[in-house]
Amino acid sequence: MKIFKISAVALSLLALASGCNDNKFLDVQPVGALSDEQLNTAANIEKQVIAAYSQLGNDVYRAPYTSMWPYGNVRGGDAYKGGNGTADVDAFHFYETFTFNRVDVGNTDELWFLLYIGVSRCNDALRRLDGVDATAMPTKAVRQGEVRFLRGHYYFLLKELFKRVPYIDQSVPTDKYGEVSNVGLSNEDLWTKIADDFRFAVANLPDTQPETGRVTKSAAQAYLAKTLLYQAYVQSETHAVTSVDQAKLQEVVTLTNQVIASGKYSLHPDFATNFLTAGDNGVESVFAIQFSRNDGTPKGRTNRGSQLNYPMNPDYGCCGFHQPSQNLVNSFKTDAQGLPLFNTFNNSDLTTPADFQVNTVDPRLDHTVAIPSHPYKYLPTFIFETSWLRDQNTYGVYMSMKETVLPSDPSFQKTPPFMNSSKNWALIRFADVLLWKAEALIELNRASEALPIINQIRQRAQNSTGRLKTTAGTATSNYNIGQYGAAQWTQPYAREALRFERRLEFAMEGYRFFDLVRWGIAGDYLNTYFDKEKTKRLYLKDARFTKGRDEYLPIPINQINFSKGLYKQNPGW
């Protein structure tokens, strides 16, 4: 009926137009529509810039790219897919097991599409910014810096997900898009294009912005450092790391030093603050996605990329995805000195309540993982129970907590059947900046300079037990975390410590798989993980990582077809 009414109106207007002799009728601007030229005012260009920002959080549960949890955590061995069995959003099961992944998975195609919407919005804004006079728009250079940062971010995600993607900037006419190949640039050149956007942002952004959430110079320096760190690990055509570029590592050190020297950032005294609404835009937040609710829109601008990841209890209701793996939980064990058990942590499992008292653990465990019988999100009376789980027979008894909030939190919002929150999601924490510097120093054979940085991160974790209490005021688990000494701090040991520290500090934040690929160890690491984990989780029995293929997602077959075969598939697919 609705379609019929629209068609009837259209026919009436067509009849009116054909019966009118005044040709000027056809020149009347439709009400409520703007021409492309009308968008080129300073005020409307500002809105186009906001549109580029808004795509940061415009993901959906089927293809989330805020926290990147299906691609970074589930593929990296830190998490199981979760949900109601392997067929529930089966694309995530395909990602997790690798063996069953295919080129025609619709979620992969949607992920590609959504990220290129971000690129498109940036290019549209930049095209208009390039054409406006700076006297008419005094913020021109700053806005160009912001949008090039955003474009760099969207391309960075595309690069780490798919490796070889078509690079389109604002200089390419839309009718030429079909001529841009995904292999027109080498792997190195594509990284350089992304780095160039961040370099431009560094040169044009101010130290501070009048509005919270806009990109600053320090944020651009940090993201440039991240890009160069990834680029430094030179890969072959089949994704093997063949060398490490020392000059790029030195630039990483220089850039991270500049961020540190800005004096704008520090570690929160309590690790928990990073994952509470009260910590939004705090001293550790270098750049974050700004979500909102009660903002005049029907459902608010909440974090829909994580809306599947709440427990299945009456206070929430859905949907039980993103469950920490047993391997991850075990990795938080510590020895008598409070140091990680690099080689033996997975020899036995932490499963029963008593296990978390008999064994000593890093406090970051209870900030990251919801454990049966332990308080959920720091509320001693809100105890996580196995009844909150959706399919514990398949996926075990743990849930993720960093991306969730309490039902009483002012940022919490139900959008049935899902749960949402307007809490920020940090894309760059200051802890990341510190560990990027430490990693670069270690690979530059300056491991002694990295030691105090890693110990600084561990010291903060040691001090972050104030919220980890039972109703009786006792510690939730048996915490013991120590700092590394100089005696054993050789380069190989420091490298292992750094890589383990990144896992513990950023567990369930979406980075693990991409770290493994960057270091060139994904295949060996994940197949060792599967060999042990499949004895505990039967659904992983056929999981297997294929080197030279599984480091990246396949180019979606739809995109290859749309390009009429111009796009080339990644190796092995």
# chains A, B, ... in the order shown; residues from 1 in each chain; ligands from 1
$ residues_around --residues "A:Thr86" --least-positions-apart "5" --cutoff "12 Å" --atoms "only C-alpha atoms" --output "ChimeraX atom specification"
/A:80-81,91-97,100,321,391,393-395,537-540
$ select_by_dssp --residues "stretch 18-265 of chain A" --states "alpha helix (DSSP H)" --output "short mmCIF file (atom, residue, chain, number, x, y, z; two decimals) with C-alpha atoms, in the first residue's frame"
data_model
loop_
_atom_site.label_atom_id
_atom_site.label_comp_id
_atom_site.auth_asym_id
_atom_site.auth_seq_id
_atom_site.Cartn_x
_atom_site.Cartn_y
_atom_site.Cartn_z
CA SER A 18 3.94 17.47 -18.74
CA ALA A 42 32.02 26.57 5.16
CA ALA A 43 29.04 25.62 7.32
CA ASN A 44 28.11 22.62 5.19
CA ILE A 45 31.72 21.48 4.83
CA GLU A 46 31.92 21.41 8.63
CA LYS A 47 28.95 19.03 8.55
CA GLN A 48 30.72 16.83 6.02
CA VAL A 49 33.66 16.62 8.40
CA ILE A 50 31.31 15.55 11.20
CA ALA A 51 29.91 12.89 8.86
CA ALA A 52 33.45 11.52 8.45
CA TYR A 53 33.82 11.38 12.24
CA SER A 54 30.45 9.71 12.68
CA ASP A 90 28.34 -18.24 11.67
CA ALA A 91 30.76 -15.87 9.96
CA PHE A 92 32.49 -15.37 13.29
CA HIS A 93 32.81 -19.15 13.62
CA PHE A 94 34.45 -19.23 10.19
CA TYR A 95 36.90 -16.55 11.28
CA GLU A 96 37.69 -18.37 14.52
CA THR A 97 38.38 -21.77 12.97
CA GLY A 106 28.58 -11.75 3.55
CA ASN A 107 29.83 -10.29 6.83
CA THR A 108 33.30 -9.86 5.35
CA ASP A 109 31.82 -8.04 2.38
CA GLU A 110 29.79 -5.80 4.69
CA LEU A 111 32.89 -5.01 6.74
CA TRP A 112 34.73 -3.92 3.58
CA PHE A 113 31.72 -1.85 2.49
CA LEU A 114 31.32 -0.06 5.83
CA LEU A 115 34.99 0.88 6.04
CA TYR A 116 34.92 2.24 2.51
CA ILE A 117 31.92 4.37 3.47
CA GLY A 118 34.32 5.95 5.97
CA VAL A 119 36.90 6.48 3.22
CA SER A 120 34.23 7.93 0.93
CA ARG A 121 33.02 10.39 3.55
CA CYS A 122 36.59 11.53 4.14
CA ASN A 123 37.26 11.97 0.43
CA ASP A 124 34.05 13.94 -0.03
CA ALA A 125 34.96 16.26 2.84
CA LEU A 126 38.53 16.66 1.58
CA ARG A 127 37.41 17.45 -1.95
CA ARG A 128 35.28 20.28 -0.60
CA LEU A 129 37.95 21.43 1.83
CA ASP A 130 40.51 21.56 -0.97
CA GLY A 131 38.24 23.87 -2.94
CA LYS A 140 40.37 24.73 6.70
CA ALA A 141 43.87 23.38 7.43
CA VAL A 142 42.86 21.95 10.81
CA ARG A 143 39.82 20.22 9.33
CA GLN A 144 41.97 18.81 6.53
CA GLY A 145 44.28 17.40 9.19
CA GLU A 146 41.37 15.85 11.07
CA VAL A 147 39.86 14.23 8.01
CA ARG A 148 43.16 12.87 6.77
CA PHE A 149 43.67 11.32 10.20
CA LEU A 150 40.24 9.70 9.91
CA ARG A 151 40.95 8.46 6.40
CA GLY A 152 44.25 7.06 7.65
CA HIS A 153 42.34 5.19 10.35
CA TYR A 154 39.84 3.63 7.94
CA TYR A 155 42.63 2.59 5.59
CA PHE A 156 44.69 1.25 8.50
CA LEU A 157 41.81 -1.08 9.44
CA LEU A 158 41.37 -2.15 5.82
CA LYS A 159 45.11 -2.77 5.54
CA GLU A 160 45.45 -4.92 8.64
CA LEU A 161 42.32 -6.89 7.71
CA PHE A 162 42.84 -7.43 3.96
CA ASN A 187 52.53 -3.48 0.28
CA GLU A 188 55.19 -0.94 1.23
CA ASP A 189 53.67 1.85 -0.86
CA LEU A 190 50.23 1.30 0.62
CA TRP A 191 51.64 1.63 4.14
CA THR A 192 53.37 4.83 3.04
CA LYS A 193 50.11 6.28 1.71
CA ILE A 194 48.47 5.63 5.08
CA ALA A 195 51.45 7.11 6.92
CA ASP A 196 51.28 10.20 4.68
CA ASP A 197 47.77 10.96 5.92
CA PHE A 198 48.98 10.87 9.51
CA ARG A 199 52.06 12.96 8.64
CA PHE A 200 49.79 15.61 7.15
CA ALA A 201 47.65 15.48 10.29
CA VAL A 202 50.73 15.94 12.52
CA ALA A 203 51.76 19.01 10.50
CA ASN A 204 48.33 20.67 10.57
CA LYS A 217 48.48 16.64 17.02
CA SER A 218 49.47 14.10 19.68
CA ALA A 219 46.84 11.64 18.50
CA ALA A 220 48.18 11.95 14.96
CA GLN A 221 51.75 11.41 16.19
CA ALA A 222 50.62 8.31 18.05
CA TYR A 223 48.76 6.83 15.07
CA LEU A 224 51.71 7.59 12.80
CA ALA A 225 53.93 5.71 15.26
CA LYS A 226 51.55 2.73 15.15
CA THR A 227 51.51 2.75 11.35
CA LEU A 228 55.30 2.86 11.12
CA LEU A 229 55.62 0.07 13.69
CA TYR A 230 53.44 -2.16 11.52
CA GLN A 231 55.27 -1.11 8.36
CA ALA A 232 58.64 -1.83 9.98
CA GLN A 246 65.42 -0.13 11.85
CA ALA A 247 64.90 3.42 10.52
CA LYS A 248 61.14 3.13 10.93
CA LEU A 249 61.59 1.78 14.44
CA GLN A 250 63.72 4.80 15.30
CA GLU A 251 60.97 7.07 14.03
CA VAL A 252 58.50 5.19 16.24
CA VAL A 253 60.70 6.02 19.23
CA THR A 254 60.89 9.67 18.19
CA LEU A 255 57.13 9.99 17.72
CA THR A 256 56.21 8.22 20.95
CA ASN A 257 58.70 10.43 22.78
CA GLN A 258 56.91 13.46 21.38
CA VAL A 259 53.55 12.17 22.62
CA ILE A 260 55.03 11.46 26.05
CA ALA A 261 56.76 14.86 26.17
#
$ residues_around --residues "A:Pro554" --least-positions-apart "5" --cutoff "8 Å" --atoms "only C-alpha atoms" --output "ChimeraX atom specification"
/A:102-103,162,569-570,573
$ select_by_dssp --residues "stretch 77-181 of chain A" --states "strand (DSSP E or B)" --output "number ranges by chain"
A: 79-82
$ write_last_selection --atoms "C-alpha atoms" --output "short mmCIF file (atom, residue, chain, number, x, y, z; two decimals), in the first residue's frame"
data_model
loop_
_atom_site.label_atom_id
_atom_site.label_comp_id
_atom_site.auth_asym_id
_atom_site.auth_seq_id
_atom_site.Cartn_x
_atom_site.Cartn_y
_atom_site.Cartn_z
CA ALA A 79 38.33 -15.34 22.79
CA TYR A 80 35.76 -17.83 21.60
CA LYS A 81 32.96 -16.56 19.40
CA GLY A 82 30.26 -17.33 21.96
#
$ closest_residue --among "A:Gly572, A:Pro138, A:Gly76, A:Gly565" --to "A:Asn182" --atoms "only C-alpha atoms"
A:Gly565
$ residues_around --residues "A:Pro571" --least-positions-apart "6" --cutoff "10 Å" --atoms "only C-alpha atoms" --output "CSV table (one decimal) with N, CA, C and O atoms, in the first residue's frame"
chain,number,residue,atom,x,y,z
A,237,GLU,N,55.4,-11.6,-0.1
A,237,GLU,CA,54.1,-11.7,-0.8
A,237,GLU,C,53.2,-12.7,-0.1
A,237,GLU,O,51.9,-12.7,-0.1
A,238,THR,N,53.8,-13.7,0.6
A,238,THR,CA,53.0,-14.7,1.4
A,238,THR,C,53.0,-14.4,2.9
A,238,THR,O,52.8,-15.3,3.7
A,239,HIS,N,53.2,-13.2,3.2
A,239,HIS,CA,53.0,-12.6,4.6
A,239,HIS,C,54.0,-13.0,5.6
A,239,HIS,O,53.8,-12.8,6.8
A,548,GLY,N,50.6,-18.3,5.1
A,548,GLY,CA,50.6,-17.7,3.8
A,548,GLY,C,49.2,-17.5,3.2
A,548,GLY,O,49.0,-17.0,2.1
A,549,ARG,N,48.2,-17.8,4.0
A,549,ARG,CA,46.8,-17.5,3.6
A,549,ARG,C,46.0,-16.8,4.7
A,549,ARG,O,45.5,-15.7,4.5
A,550,ASP,N,46.0,-17.3,5.9
A,550,ASP,CA,45.1,-16.9,7.0
A,550,ASP,C,45.6,-15.7,7.7
A,550,ASP,O,44.8,-15.2,8.6
A,551,GLU,N,46.7,-15.1,7.4
A,551,GLU,CA,47.1,-13.9,8.0
A,551,GLU,C,46.2,-12.7,7.7
A,551,GLU,O,46.1,-11.8,8.4
A,552,TYR,N,45.4,-12.9,6.6
A,552,TYR,CA,44.5,-11.8,6.1
A,552,TYR,C,43.2,-12.5,5.7
A,552,TYR,O,43.1,-13.6,5.3
A,554,PRO,N,40.1,-12.9,3.1
A,554,PRO,CA,40.1,-12.9,1.6
A,554,PRO,C,39.4,-11.6,1.1
A,554,PRO,O,38.6,-11.0,1.8
A,555,ILE,N,39.8,-11.2,0.0
A,555,ILE,CA,39.1,-10.1,-0.7
A,555,ILE,C,37.7,-10.6,-1.0
A,555,ILE,O,37.5,-11.7,-1.6
$ closest_residue --among "A:Arg62, A:Arg304, A:Lys377, A:Lys532" --to "A:Asn347" --atoms "only C-alpha atoms"
A:Lys532
